[in-house]
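Peer 1: Pasting a structure here, questions to come.
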Amino acid sequence: MAEVKKIAGSDIEIAQAVYPEHALLIDEIAKKAGIPGEYIEHYGKYKAKVDYNYLLKNQDKKDGKLILVTAITPTPAGEGKTTTTVGVADGLSRIGKKVLVALREPSLGPVFGVKGGAAGGGWAQVIPMEDINLHFTGDFHAIGAANNLLAAMIDNHIYQGNKLNLDPRKIIWRRCVDMNDRQLRFITDGLGGKANGSPREDGYDITVASEVMAILCLASGIDDLKARLGRIIVGYTYGKQSDNSEQPVTAAQLKAQGAMAALLKDALKPNLVQTLEGTPTFIHGGPFANIAHGCNSIMATRLALKCADYVVTEAGFGADLGAEKFLDIKCRFAGLKPSAVIIVATVRALKSHGGVPKAELDKENLAALEAGLPNLLQHVENITKVYKLPAVVAINAFPKDTKAELELVEQKCKALGVNVALSEVWEKGGEGGVKLAEEAVRLCEQPNNFEFSYDVNSSIKEKIEAIAKKIYRADSVTILPAAQKQIEQLEKLRLDKAPICVAKTQYSFSDDPALLGAPRGWNLTVRNIKISAGAGFIVALTGDIMTMPGLPPAPAAERIDVDNTGKISGLF
């Protein structure tokens with residue numbers, strides 16, 4: 001792609017300066033990635049799906065190097081993880097490497113809420129930005145349809161006589177919609193008389209919190225997808241309280257997995273797009289990073305590794321959530337081994353962890369920066385000492401960062417044996433990511449002794465304690481009686497030998513969002529334990545995690561519009 005003159009403007013204005021006039025046709029992007037035309041399924045001129053049979057055909061091909069981008073604990077100041085992921089990939093391309101990007105798909109809820117889209121920013125974005133942030137190729141709609149088909153079959157089974165003896169009070173499968181709609185969190189349905197179903201309490205999750213989303217992203221193919229869907233536990237049978245004899249009811253018992261897989265057969269295919277600089281990019285899947293594992297699909301990552309010498313991917317939220325789950329869940333299931341990790345931070349965010357209000361973050365404040373640095377350093381230690389992976393810290397540059405502040409960050413990181421690279425990708429695109437790309441390439445050649453943070457065959461409590469103490473640095477773990485009862489039930493059902501997915505706030509290492517930095521002397525409280533049997537992991541719920549967000553007082557939707565030519569404005 002020819003160099004495009006850099007302009008100042010919002011993310012969408014920058015994206016529209018390149019797309020569609022200067023964007024490469026998707027066939028050219030596929031050619032760059034080395035994917036033959038017969039495996040490309042066009043969704044217009046600039047988007048495509050890749051037939052998963054191409055992955056099957058290339059199973060024995062050598063994998064490229066996998067670079068994981070993660071970040072410090074999120075703050076209102078922003079960190080720029082996706083922006084860095086895109087920028088370093090374009091930087092790798094500029095130094096002559098064959099590279100692909102693998103990202104998650106954005107959810108409509110945050111796009112219209114407070115967070116905005118997830119296509120990068122400035123001159124480090126993926127395009128078509130508007131399509132990616134809105135309906136894209138319809139994957140999320142297919143996931144919602146499969147989720148809700150199962151919900152309909154559950155209630156229909158009860159209405160038609162309930163041969164499986166399913167207790168309506170113990171149905172745990174909820175409906176979903178890809179929108180922030182607090183009104184739907186808890187509902188009563190089946191009203192209006194016998195012909196309209198059986199009245200019961202119900203509720204909606206946002207689509208990215210659906211177990212179907214997690215399953216799609218962890219499936220290795222159609223057969224595995226179908227098997228995982230069949231293992232979904234939808235509820236429990238009536239049982240005597242004296243011996244807790246209720247049994248799980250699965251989607252397979254309802255004979256739902258085949259139809260669900262049929263709805264998902266195209267959604268399982270990775271989506272191919274491009275960066276502003278024409279780097280091939282897979283954007284596929286998008287599970288929540290707190291309630292689920294927060295990574296793009298295994299299918300897309302594996303396909304990218306067969307197509308490129310370097311693959312840059314990211315995991316949701318900070319490294320304590322996204323990277324931990326990427327490494328302990330996704331890498332465990334997929335047999336992946338990252339070659340290097342990039343930990344993104346900003347001086348502004350570190351000062352925020354040091355207690356500086358957002359309005360004062362542009363002022364030099366070395367004392368606050370030093371107070372906030374332990375957050376970054378704990379993430380660095382976790383990656384390099386717990387997981388034993390080579391790492392570099394990427395400082396996402398802002399114009400008002402001072403030399404003294406940047407030097408302090410570099411000094412503290414070097415004391416841990418980790419280099420710091422300044423990232424200027426928001427302003428300069430791939431040119432601003434060259435130094436970071438060069439350091440990532442160097443790290444990929446370093447030996448690493450990657451290991452998980454816990455043994456999957458340990459007890460549920462031992463696995464939770466390992467994450468809490470090694471990654472979060474909690475002093476102890478308290479498992480409340482309700483959660484302990486749920487653990488005993490999973491042990492009785494022999495469902496306990498699975499990875500742990502801790503659901504907690506993204507704003508702190510702890511389960512209290514108000515505890516910034518790197519808190520010490522605290523206790524992790526586990527309120528509930530639930531099994532995502534299809535996804536294959538156990539969810540440990542801490543704090544107050546919502547699976548259906550709400551809109552803020554002034555939602556982003558109020559500022560989004562489209563003119564009579566079809567040009568969208570207001571997305572960010």
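Ordered as shown in the structure tokens, chains take letters A, B, and onward, while each chain numbers its residues from 1 and ligands are numbered from 1 in the order shown.
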Excluding region 396-401 of chain A and residues on its chain fewer than 4 positions from it, collect all residues at most 6 Å away from it, counting only C-alpha atoms, and give them as a ChimeraX atom specification.
Peer 2: /A:346,362,423-424
Peer 1: Between A:Ala214, A:Ile127, A:Leu272, A:Ile222, which is the closest to Ile12 (chain A) once you count only C-alpha atoms?
Peer 2: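 Closest to Ile12 (chain A), using only C-alpha atoms: A:Ile127.
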Peer 1: Excluding region 139-145 of chain A and residues on its chain fewer than 3 positions from it, collect all residues at most 6 Å away from it, counting only C-alpha atoms, and give them as JSON, numbers by chain.
Peer 2: {"A": [148, 149, 207, 264, 267]}
Peer 1: Can you pull out the residues contacting region 425-442 of chain A? Cut-off 8 Å, using only C-alpha atoms, and skip same-chain residues under 2 positions away; I want them as a PyMOL selection string.
Peer 2: chain A and resi 6+67+83-84+87-95+121-124+277+340-342+392+394+396+421-423+444-446
Peer 1: List every residue of region 72-263 of chain A that DSSP, applied to the backbone of this structure, assigns to strand (DSSP E), and report them as a PyMOL selection string.
Peer 2: chain A and resi 99-103+120-121+124-127+166-171+175-177+187-189+200-202+204-206+233-237+248-250
Peer 1: Out of A:Val409, A:Ile460, A:Ile232, A:Leu191, which residue has the shortest atom-to-atom distance to Glu488 (chain A) when counting only C-alpha atoms?
Peer 2: A:Ile460
Peer 1: Step one, run DSSP on the backbone; step two, keep only residues of region 213-279 of chain A assigned to alpha helix (DSSP H); then write them as JSON, numbers by chain.
Peer 2: {"A": [213, 214, 215, 216, 217, 218, 222, 223, 224, 225, 226, 227, 228, 229, 230, 231, 257, 258, 259, 260, 261, 262, 263, 264]}
Peer 1: Those residues with N, CA, C and O atoms, as a tab-separated table (two decimals), in the first residue's frame please?
Peer 2:
```
chain	number	residue	atom	x	y	z
A	213	MET	N	-20.15	-17.94	22.82
A	213	MET	CA	-19.02	-17.14	22.35
A	213	MET	C	-17.70	-17.77	22.77
A	213	MET	O	-16.77	-17.92	21.95
A	214	ALA	N	-17.60	-18.16	24.04
A	214	ALA	CA	-16.37	-18.79	24.52
A	214	ALA	C	-16.10	-20.09	23.77
A	214	ALA	O	-14.95	-20.39	23.41
A	215	ILE	N	-17.16	-20.85	23.53
A	215	ILE	CA	-17.01	-22.13	22.81
A	215	ILE	C	-16.51	-21.91	21.40
A	215	ILE	O	-15.58	-22.58	20.93
A	216	LEU	N	-17.11	-20.96	20.68
A	216	LEU	CA	-16.68	-20.67	19.32
A	216	LEU	C	-15.20	-20.32	19.29
A	216	LEU	O	-14.47	-20.73	18.38
A	217	CYS	N	-14.74	-19.56	20.28
A	217	CYS	CA	-13.35	-19.10	20.29
A	217	CYS	C	-12.36	-20.17	20.73
A	217	CYS	O	-11.16	-20.03	20.50
A	218	LEU	N	-12.84	-21.23	21.38
A	218	LEU	CA	-11.95	-22.30	21.83
A	218	LEU	C	-12.05	-23.55	20.95
A	218	LEU	O	-11.24	-24.48	21.10
A	222	ILE	N	-15.31	-27.88	13.32
A	222	ILE	CA	-16.75	-28.14	13.40
A	222	ILE	C	-17.07	-29.26	14.39
A	222	ILE	O	-17.97	-29.15	15.22
A	223	ASP	N	-16.34	-30.36	14.30
A	223	ASP	CA	-16.64	-31.50	15.19
A	223	ASP	C	-16.43	-31.13	16.65
A	223	ASP	O	-17.23	-31.48	17.52
A	224	ASP	N	-15.34	-30.40	16.92
A	224	ASP	CA	-15.07	-29.96	18.30
A	224	ASP	C	-16.12	-28.95	18.74
A	224	ASP	O	-16.58	-28.98	19.89
A	225	LEU	N	-16.51	-28.05	17.85
A	225	LEU	CA	-17.57	-27.08	18.15
A	225	LEU	C	-18.84	-27.80	18.57
A	225	LEU	O	-19.46	-27.49	19.59
A	226	LYS	N	-19.24	-28.81	17.78
A	226	LYS	CA	-20.47	-29.54	18.06
A	226	LYS	C	-20.39	-30.28	19.41
A	226	LYS	O	-21.34	-30.28	20.19
A	227	ALA	N	-19.23	-30.88	19.66
A	227	ALA	CA	-19.06	-31.61	20.92
A	227	ALA	C	-19.13	-30.66	22.11
A	227	ALA	O	-19.75	-30.97	23.14
A	228	ARG	N	-18.51	-29.50	21.99
A	228	ARG	CA	-18.52	-28.52	23.08
A	228	ARG	C	-19.94	-27.99	23.31
A	228	ARG	O	-20.37	-27.82	24.46
A	229	LEU	N	-20.65	-27.69	22.23
A	229	LEU	CA	-22.03	-27.22	22.37
A	229	LEU	C	-22.88	-28.27	23.09
A	229	LEU	O	-23.71	-27.94	23.94
A	230	GLY	N	-22.67	-29.54	22.76
A	230	GLY	CA	-23.44	-30.61	23.40
A	230	GLY	C	-23.17	-30.72	24.89
A	230	GLY	O	-24.04	-31.15	25.65
A	231	ARG	N	-21.98	-30.31	25.34
A	231	ARG	CA	-21.62	-30.41	26.76
A	231	ARG	C	-22.15	-29.25	27.61
A	231	ARG	O	-22.01	-29.27	28.84
A	257	GLN	N	-27.40	-29.48	19.83
A	257	GLN	CA	-26.07	-29.10	19.37
A	257	GLN	C	-25.93	-29.07	17.86
A	257	GLN	O	-25.18	-28.24	17.31
A	258	GLY	N	-26.63	-29.95	17.15
A	258	GLY	CA	-26.52	-29.97	15.69
A	258	GLY	C	-27.06	-28.70	15.06
A	258	GLY	O	-26.41	-28.09	14.20
A	259	ALA	N	-28.24	-28.28	15.48
A	259	ALA	CA	-28.83	-27.05	14.93
A	259	ALA	C	-28.02	-25.82	15.33
A	259	ALA	O	-27.86	-24.88	14.53
A	260	MET	N	-27.50	-25.82	16.57
A	260	MET	CA	-26.68	-24.70	17.00
A	260	MET	C	-25.42	-24.61	16.15
A	260	MET	O	-25.02	-23.52	15.72
A	261	ALA	N	-24.78	-25.75	15.89
A	261	ALA	CA	-23.58	-25.76	15.06
A	261	ALA	C	-23.89	-25.31	13.63
A	261	ALA	O	-23.07	-24.64	12.98
A	262	ALA	N	-25.07	-25.68	13.14
A	262	ALA	CA	-25.47	-25.25	11.80
A	262	ALA	C	-25.56	-23.73	11.71
A	262	ALA	O	-25.17	-23.12	10.71
A	263	LEU	N	-26.08	-23.10	12.77
A	263	LEU	CA	-26.14	-21.64	12.81
A	263	LEU	C	-24.75	-21.00	12.87
A	263	LEU	O	-24.56	-19.86	12.46
A	264	LEU	N	-23.78	-21.75	13.41
A	264	LEU	CA	-22.45	-21.20	13.66
A	264	LEU	C	-21.41	-21.60	12.62
A	264	LEU	O	-20.24	-21.21	12.74
```
Peer 1: Could you check which of A:Thr75, A:Thr478, A:Thr565, A:Asn290 is closest to Gly517 (chain A), using only C-alpha atoms?
Peer 2: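 Counting only C-alpha atoms, the residue closest to Gly517 (chain A) is A:Thr75.
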Peer 1: Find, counting only C-alpha atoms, the residue in A:Thr137, A:Leu254, A:Asp11, A:Ala102 that gets nearest to Gly117 (chain A).
Peer 2: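 Closest to Gly117 (chain A) of all the choices is A:Asp11.
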Peer 1: Sort by chain and increasing residue number a table of all residues of region 57-128 of chain A within 12 Å of region 502-510 of chain A, each with its closest pair of atoms and their distance in Å to one decimal, counting only C-alpha atoms, and write it as a tab-separated table.
Peer 2:
```
residue	atom	partner	partner_atom	distance
A:Ala71	CA	A:Gln506	CA	11.3
A:Ile72	CA	A:Tyr507	CA	9.7
A:Thr73	CA	A:Tyr507	CA	5.9
A:Pro74	CA	A:Tyr507	CA	5.6
A:Thr75	CA	A:Tyr507	CA	6.7
A:Pro76	CA	A:Tyr507	CA	9.4
A:Ala77	CA	A:Tyr507	CA	11.9
A:Gly78	CA	A:Tyr507	CA	11.6
```
Peer 1: Counting only C-alpha atoms, what is within 9 Å of region 21-23 of chain A, bar same-chain residues fewer than 3 positions away, as a PyMOL selection string?
Peer 2: chain A and resi 1-2+4+16-18+26+46+127-128+274-278
Peer 1: For N, CA, C and O atoms, I'd like the residues from the last selection saved as a PDB file, in the first residue's frame.
Peer 2:
```pdb
ATOM      1  N   MET A   1       0.848  -1.196   0.000  1.00  0.00           N
ATOM      2  CA  MET A   1       0.000   0.000   0.000  1.00  0.00           C
ATOM      3  C   MET A   1       0.883   1.246   0.000  1.00  0.00           C
ATOM      4  O   MET A   1       1.847   1.336   0.772  1.00  0.00           O
ATOM      5  N   ALA A   2       0.566   2.221  -0.836  1.00  0.00           N
ATOM      6  CA  ALA A   2       1.334   3.457  -0.899  1.00  0.00           C
ATOM      7  C   ALA A   2       1.147   4.264   0.380  1.00  0.00           C
ATOM      8  O   ALA A   2       0.104   4.199   1.038  1.00  0.00           O
ATOM      9  N   VAL A   4       0.174   7.022   2.789  1.00  0.00           N
ATOM     10  CA  VAL A   4      -0.918   7.992   2.756  1.00  0.00           C
ATOM     11  C   VAL A   4      -0.528   9.173   3.635  1.00  0.00           C
ATOM     12  O   VAL A   4       0.019   8.990   4.724  1.00  0.00           O
ATOM     13  N   GLN A  16     -11.325   6.985   7.573  1.00  0.00           N
ATOM     14  CA  GLN A  16     -12.011   7.333   6.328  1.00  0.00           C
ATOM     15  C   GLN A  16     -11.099   8.050   5.335  1.00  0.00           C
ATOM     16  O   GLN A  16     -11.399   8.092   4.139  1.00  0.00           O
ATOM     17  N   ALA A  17      -9.958   8.579   5.819  1.00  0.00           N
ATOM     18  CA  ALA A  17      -8.978   9.170   4.911  1.00  0.00           C
ATOM     19  C   ALA A  17      -8.265   8.094   4.098  1.00  0.00           C
ATOM     20  O   ALA A  17      -7.729   8.359   3.024  1.00  0.00           O
ATOM     21  N   VAL A  18      -8.260   6.872   4.629  1.00  0.00           N
ATOM     22  CA  VAL A  18      -7.602   5.752   3.936  1.00  0.00           C
ATOM     23  C   VAL A  18      -8.626   4.871   3.232  1.00  0.00           C
ATOM     24  O   VAL A  18      -8.433   4.466   2.085  1.00  0.00           O
ATOM     25  N   ILE A  26      -9.563  -7.027  -0.905  1.00  0.00           N
ATOM     26  CA  ILE A  26      -9.340  -8.145  -0.006  1.00  0.00           C
ATOM     27  C   ILE A  26      -8.594  -9.299  -0.684  1.00  0.00           C
ATOM     28  O   ILE A  26      -7.854 -10.039  -0.027  1.00  0.00           O
ATOM     29  N   TYR A  46     -13.781  -5.523   0.712  1.00  0.00           N
ATOM     30  CA  TYR A  46     -12.711  -5.300   1.686  1.00  0.00           C
ATOM     31  C   TYR A  46     -12.795  -6.207   2.917  1.00  0.00           C
ATOM     32  O   TYR A  46     -12.056  -6.027   3.874  1.00  0.00           O
ATOM     33  N   ILE A 127      -9.198  -1.610   9.191  1.00  0.00           N
ATOM     34  CA  ILE A 127     -10.301  -1.109   8.373  1.00  0.00           C
ATOM     35  C   ILE A 127     -10.956  -2.271   7.623  1.00  0.00           C
ATOM     36  O   ILE A 127     -10.319  -3.311   7.428  1.00  0.00           O
ATOM     37  N   PRO A 128     -12.244  -2.108   7.245  1.00  0.00           N
ATOM     38  CA  PRO A 128     -13.125  -0.941   7.401  1.00  0.00           C
ATOM     39  C   PRO A 128     -13.601  -0.768   8.844  1.00  0.00           C
ATOM     40  O   PRO A 128     -14.337  -1.603   9.365  1.00  0.00           O
ATOM     41  N   GLN A 274      -7.713  -5.702   7.011  1.00  0.00           N
ATOM     42  CA  GLN A 274      -6.360  -5.146   6.889  1.00  0.00           C
ATOM     43  C   GLN A 274      -6.172  -3.964   7.829  1.00  0.00           C
ATOM     44  O   GLN A 274      -7.142  -3.358   8.291  1.00  0.00           O
ATOM     45  N   THR A 275      -4.906  -3.636   8.100  1.00  0.00           N
ATOM     46  CA  THR A 275      -4.611  -2.413   8.837  1.00  0.00           C
ATOM     47  C   THR A 275      -4.595  -1.241   7.858  1.00  0.00           C
ATOM     48  O   THR A 275      -4.670  -1.428   6.637  1.00  0.00           O
ATOM     49  N   LEU A 276      -4.456  -0.026   8.395  1.00  0.00           N
ATOM     50  CA  LEU A 276      -4.366   1.151   7.525  1.00  0.00           C
ATOM     51  C   LEU A 276      -3.179   1.057   6.569  1.00  0.00           C
ATOM     52  O   LEU A 276      -3.162   1.702   5.523  1.00  0.00           O
ATOM     53  N   GLU A 277      -2.153   0.261   6.947  1.00  0.00           N
ATOM     54  CA  GLU A 277      -0.964   0.115   6.116  1.00  0.00           C
ATOM     55  C   GLU A 277      -0.966  -1.179   5.309  1.00  0.00           C
ATOM     56  O   GLU A 277       0.045  -1.560   4.723  1.00  0.00           O
ATOM     57  N   GLY A 278      -2.119  -1.880   5.294  1.00  0.00           N
ATOM     58  CA  GLY A 278      -2.252  -3.044   4.451  1.00  0.00           C
ATOM     59  C   GLY A 278      -1.701  -4.331   5.020  1.00  0.00           C
ATOM     60  O   GLY A 278      -1.457  -5.286   4.276  1.00  0.00           O
TER      61      GLY A 278
END
```
Peer 1: Using only C-alpha atoms for the distances, tell me which of A:Ile40, A:Leu303, A:Ile132, A:Ile343 is nearest to Gly318 (chain A).
Peer 2: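 Checking each candidate against Gly318 (chain A), we get A:Ile343 as the closest.
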Peer 1: Neighbours of Asn419 (chain A) within 8 Å (only C-alpha atoms; same-chain residues fewer than 5 positions away dropped), as a PyMOL selection string?
Peer 2: chain A and resi 391-393+410+413-414
Peer 1: Using only C-alpha atoms, please write the residues we just selected to a file, as a PDB file, in the first residue's frame.
Peer 2:
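So the final result, stored in again-v2.pdb, reads:
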```pdb
ATOM      1  CA  ALA A 391       8.898  -9.344  27.721  1.00  0.00           C
ATOM      2  CA  VAL A 392       9.257  -5.717  26.693  1.00  0.00           C
ATOM      3  CA  VAL A 393       7.372  -2.724  28.077  1.00  0.00           C
ATOM      4  CA  GLU A 410      12.804   2.820  31.901  1.00  0.00           C
ATOM      5  CA  CYS A 413      11.865  -1.778  34.244  1.00  0.00           C
ATOM      6  CA  LYS A 414      15.571  -2.277  33.526  1.00  0.00           C
TER       7      LYS A 414
END
```
